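Take a look at the structure set out below.
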Amino acid sequence: WKKRLEDWKTLHVDKACDNFRQFMESTKITQPDNAQQVLRLMQKEQDILNKRRLGLVSSLKDLKPPASTKTAVYQWNQEITDISKQIDELNQSYFNKLYGEYEAVCQTCLEEVEVIKNDLIDRGVCTEGRAQQVITDRCLPLVGQTQTNFEQQLEQMDKDLEEHNGHLLNQLKSLFKYCQGASHVWDVHELGLAKQERALQEKLEECRRKHDNGN
């Protein structure tokens, strides 16, 4: 009789742990809806800002003499810098939201663990001490692994975005330097034209004076 009772208890403990494992492997936990919604909104807002940034890059084709002044180039760079800053702030804001959603999922898992423990105790399957041992040995490691997976996902996402943005900012910086050089060439050209115009004007004035004096 005692052996059958122990077998019954073991069966219910194993079943409770198997059910919890299935719960932890469900998409409700591995791909929580709220987190997926945050990711979709993040991507949508990223696309909007990225299109604005690409539009500014495309606008350079219209930045030609006489509009390609240093002031125009610096204004373009400031607008690009502002949008890039907005993208960084957007990413950070959504990372915080994602962290909150993943934290909420882990809290849900811990609440489920507590439900399982109390159920084992209430049904007489385990003593409180034995139930806590089952939870510690077989359930909490699954919660810990899920939390680790979430943290690794966020770290990888952060790393990928940082590398992408770093590469993009370097390209934009090179483009800015190129435009600076082009605007400098135009400025020098304009100064040269102005100098030639003044010299020509002075010659015309001199010729006019000579003509007037000759008459």
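Chain labels follow the order of the structure tokens: the first chain is A, the next B, and so on; residue numbering restarts at 1 in every chain, and ligands are counted from 1 in their shown order.
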Return as JSON lines the residues of range 29-125 of chain A lying at most 9 Å from range 162-177 of chain A, together with the closest atom-to-atom pair for each and the distance in Å to one decimal, counting only C-alpha atoms, with rows in chain order and ascending residue number.
{"residue": "A:Val57", "atom": "CA", "partner": "A:Leu172", "partner_atom": "CA", "distance": 8.6}
{"residue": "A:Val73", "atom": "CA", "partner": "A:Phe176", "partner_atom": "CA", "distance": 7.5}
{"residue": "A:Tyr74", "atom": "CA", "partner": "A:Phe176", "partner_atom": "CA", "distance": 8.3}
{"residue": "A:Trp76", "atom": "CA", "partner": "A:Phe176", "partner_atom": "CA", "distance": 8.6}
{"residue": "A:Asn77", "atom": "CA", "partner": "A:Phe176", "partner_atom": "CA", "distance": 6.6}
{"residue": "A:Ile80", "atom": "CA", "partner": "A:Leu172", "partner_atom": "CA", "distance": 8.3}
{"residue": "A:Thr81", "atom": "CA", "partner": "A:Leu169", "partner_atom": "CA", "distance": 8.9}
{"residue": "A:Ser84", "atom": "CA", "partner": "A:Leu169", "partner_atom": "CA", "distance": 8.2}
{"residue": "A:Asp88", "atom": "CA", "partner": "A:Asn165", "partner_atom": "CA", "distance": 8.6}
**Report entry** Residues within 12 Å of Ala104 in chain A, only C-alpha atoms, excluding chain neighbours under 5 positions, as a PyMOL selection string
**Finding:** chain A and resi 28-29+32-35+97-99+109-111+147+150
Write out the residues from the selection above, keeping N, CA and C atoms, as a compact mmCIF listing (two decimals), in the first residue's frame.
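New file again37.txt:
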# COMPACT_ATOMS: atom_id res chain seq x y z
N LYS A 28 3.25 31.07 -25.80
CA LYS A 28 2.82 32.10 -24.85
C LYS A 28 4.00 32.59 -24.03
N ILE A 29 4.97 31.68 -23.78
CA ILE A 29 6.15 32.04 -23.00
C ILE A 29 7.34 32.36 -23.90
N PRO A 32 6.01 35.69 -26.43
CA PRO A 32 4.83 36.35 -25.84
C PRO A 32 4.25 37.41 -26.76
N ASP A 33 2.92 37.44 -26.82
CA ASP A 33 2.22 38.36 -27.73
C ASP A 33 2.59 39.82 -27.50
N ASN A 34 2.64 40.23 -26.25
CA ASN A 34 2.93 41.63 -25.95
C ASN A 34 4.33 42.03 -26.43
N ALA A 35 5.29 41.12 -26.26
CA ALA A 35 6.66 41.40 -26.72
C ALA A 35 6.70 41.47 -28.24
N LYS A 97 10.88 48.76 -23.05
CA LYS A 97 9.55 48.14 -23.10
C LYS A 97 9.66 46.62 -23.23
N LEU A 98 10.58 46.18 -24.10
CA LEU A 98 10.78 44.74 -24.28
C LEU A 98 11.23 44.08 -22.99
N TYR A 99 12.17 44.74 -22.32
CA TYR A 99 12.66 44.21 -21.05
C TYR A 99 11.51 44.07 -20.07
N CYS A 109 5.60 33.10 -15.04
CA CYS A 109 6.15 31.74 -14.83
C CYS A 109 6.30 31.43 -13.34
N LEU A 110 6.77 32.41 -12.59
CA LEU A 110 6.94 32.20 -11.15
C LEU A 110 5.59 32.03 -10.46
N GLU A 111 4.59 32.73 -10.96
CA GLU A 111 3.24 32.57 -10.40
C GLU A 111 2.70 31.17 -10.69
N GLN A 147 14.60 33.10 -18.66
CA GLN A 147 15.08 34.46 -18.39
C GLN A 147 16.42 34.71 -19.09
N PHE A 150 15.84 35.26 -22.79
CA PHE A 150 15.35 36.61 -23.05
C PHE A 150 16.50 37.62 -23.02
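The shortest atom-to-atom distance to Val13 in chain A, with only C-alpha atoms taken into account, belongs to A:Gln132 out of A:Gln132, A:Asp158, A:Gln153, A:Glu206.
Computed from the coordinates, the CA of Ala131 in chain A to CA of Ile116 in chain A distance equals 8.7 Å.
Excluding Thr30 in chain A and any residue on its chain fewer than 3 positions from it, the residues at most 9 Å away by only C-alpha atoms are Met24, Glu25, Ser26, Thr27, Thr146, Asn149 and Phe150 of chain A.
Of the listed residues A:Arg52, A:Gln37, A:Phe95, A:His184, the one whose atoms come nearest to Glu79 in chain A is A:Arg52, with distances taken using only C-alpha atoms.
Picture a line from CA of Ile87 in chain A to CA of Leu60 in chain A; it runs 20.8 Å.
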Query - Selection near Lys44 in chain A, 12 Å with only C-alpha atoms, sequence-local residues under 6 positions removed, as a VMD selection string - result: chain A and resid 37 to 38 50 to 51 87 90 to 91 94
Write the residues of the preceding selection, restricted to N, CA, C and O atoms, as a PDB file, in the first residue's frame.
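Saved result, selection16.pdb, follows:
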ATOM      1  N   GLN A  37       4.281  42.372 -30.145  1.00  0.00           N
ATOM      2  CA  GLN A  37       3.641  43.633 -30.523  1.00  0.00           C
ATOM      3  C   GLN A  37       4.619  44.791 -30.378  1.00  0.00           C
ATOM      4  O   GLN A  37       4.675  45.687 -31.230  1.00  0.00           O
ATOM      5  N   VAL A  38       5.403  44.778 -29.316  1.00  0.00           N
ATOM      6  CA  VAL A  38       6.423  45.818 -29.116  1.00  0.00           C
ATOM      7  C   VAL A  38       7.429  45.796 -30.259  1.00  0.00           C
ATOM      8  O   VAL A  38       7.816  46.847 -30.786  1.00  0.00           O
ATOM      9  N   ASN A  50      13.925  55.789 -40.697  1.00  0.00           N
ATOM     10  CA  ASN A  50      14.935  55.411 -41.690  1.00  0.00           C
ATOM     11  C   ASN A  50      14.596  55.966 -43.072  1.00  0.00           C
ATOM     12  O   ASN A  50      15.492  56.361 -43.834  1.00  0.00           O
ATOM     13  N   LYS A  51      13.297  55.995 -43.405  1.00  0.00           N
ATOM     14  CA  LYS A  51      12.885  56.569 -44.687  1.00  0.00           C
ATOM     15  C   LYS A  51      13.189  58.062 -44.725  1.00  0.00           C
ATOM     16  O   LYS A  51      13.603  58.599 -45.762  1.00  0.00           O
ATOM     17  N   ILE A  87      16.538  57.914 -33.735  1.00  0.00           N
ATOM     18  CA  ILE A  87      16.522  56.459 -33.907  1.00  0.00           C
ATOM     19  C   ILE A  87      17.145  55.772 -32.696  1.00  0.00           C
ATOM     20  O   ILE A  87      16.619  54.768 -32.196  1.00  0.00           O
ATOM     21  N   LEU A  90      14.717  56.018 -29.895  1.00  0.00           N
ATOM     22  CA  LEU A  90      13.602  55.099 -30.162  1.00  0.00           C
ATOM     23  C   LEU A  90      13.981  53.674 -29.782  1.00  0.00           C
ATOM     24  O   LEU A  90      13.220  52.978 -29.098  1.00  0.00           O
ATOM     25  N   ASN A  91      15.173  53.254 -30.210  1.00  0.00           N
ATOM     26  CA  ASN A  91      15.633  51.899 -29.905  1.00  0.00           C
ATOM     27  C   ASN A  91      15.722  51.678 -28.399  1.00  0.00           C
ATOM     28  O   ASN A  91      15.298  50.637 -27.885  1.00  0.00           O
ATOM     29  N   TYR A  94      12.225  51.322 -26.824  1.00  0.00           N
ATOM     30  CA  TYR A  94      11.591  50.028 -27.080  1.00  0.00           C
ATOM     31  C   TYR A  94      12.335  48.879 -26.400  1.00  0.00           C
ATOM     32  O   TYR A  94      11.722  47.865 -26.036  1.00  0.00           O
TER      33      TYR A  94
END
Report task. Would you please extract all alpha helix (DSSP H) residues from range 42-135 of chain A, as assigned by DSSP on the backbone, and give them as a ChimeraX atom specification? Result -> /A:42-58,70-122,128-134
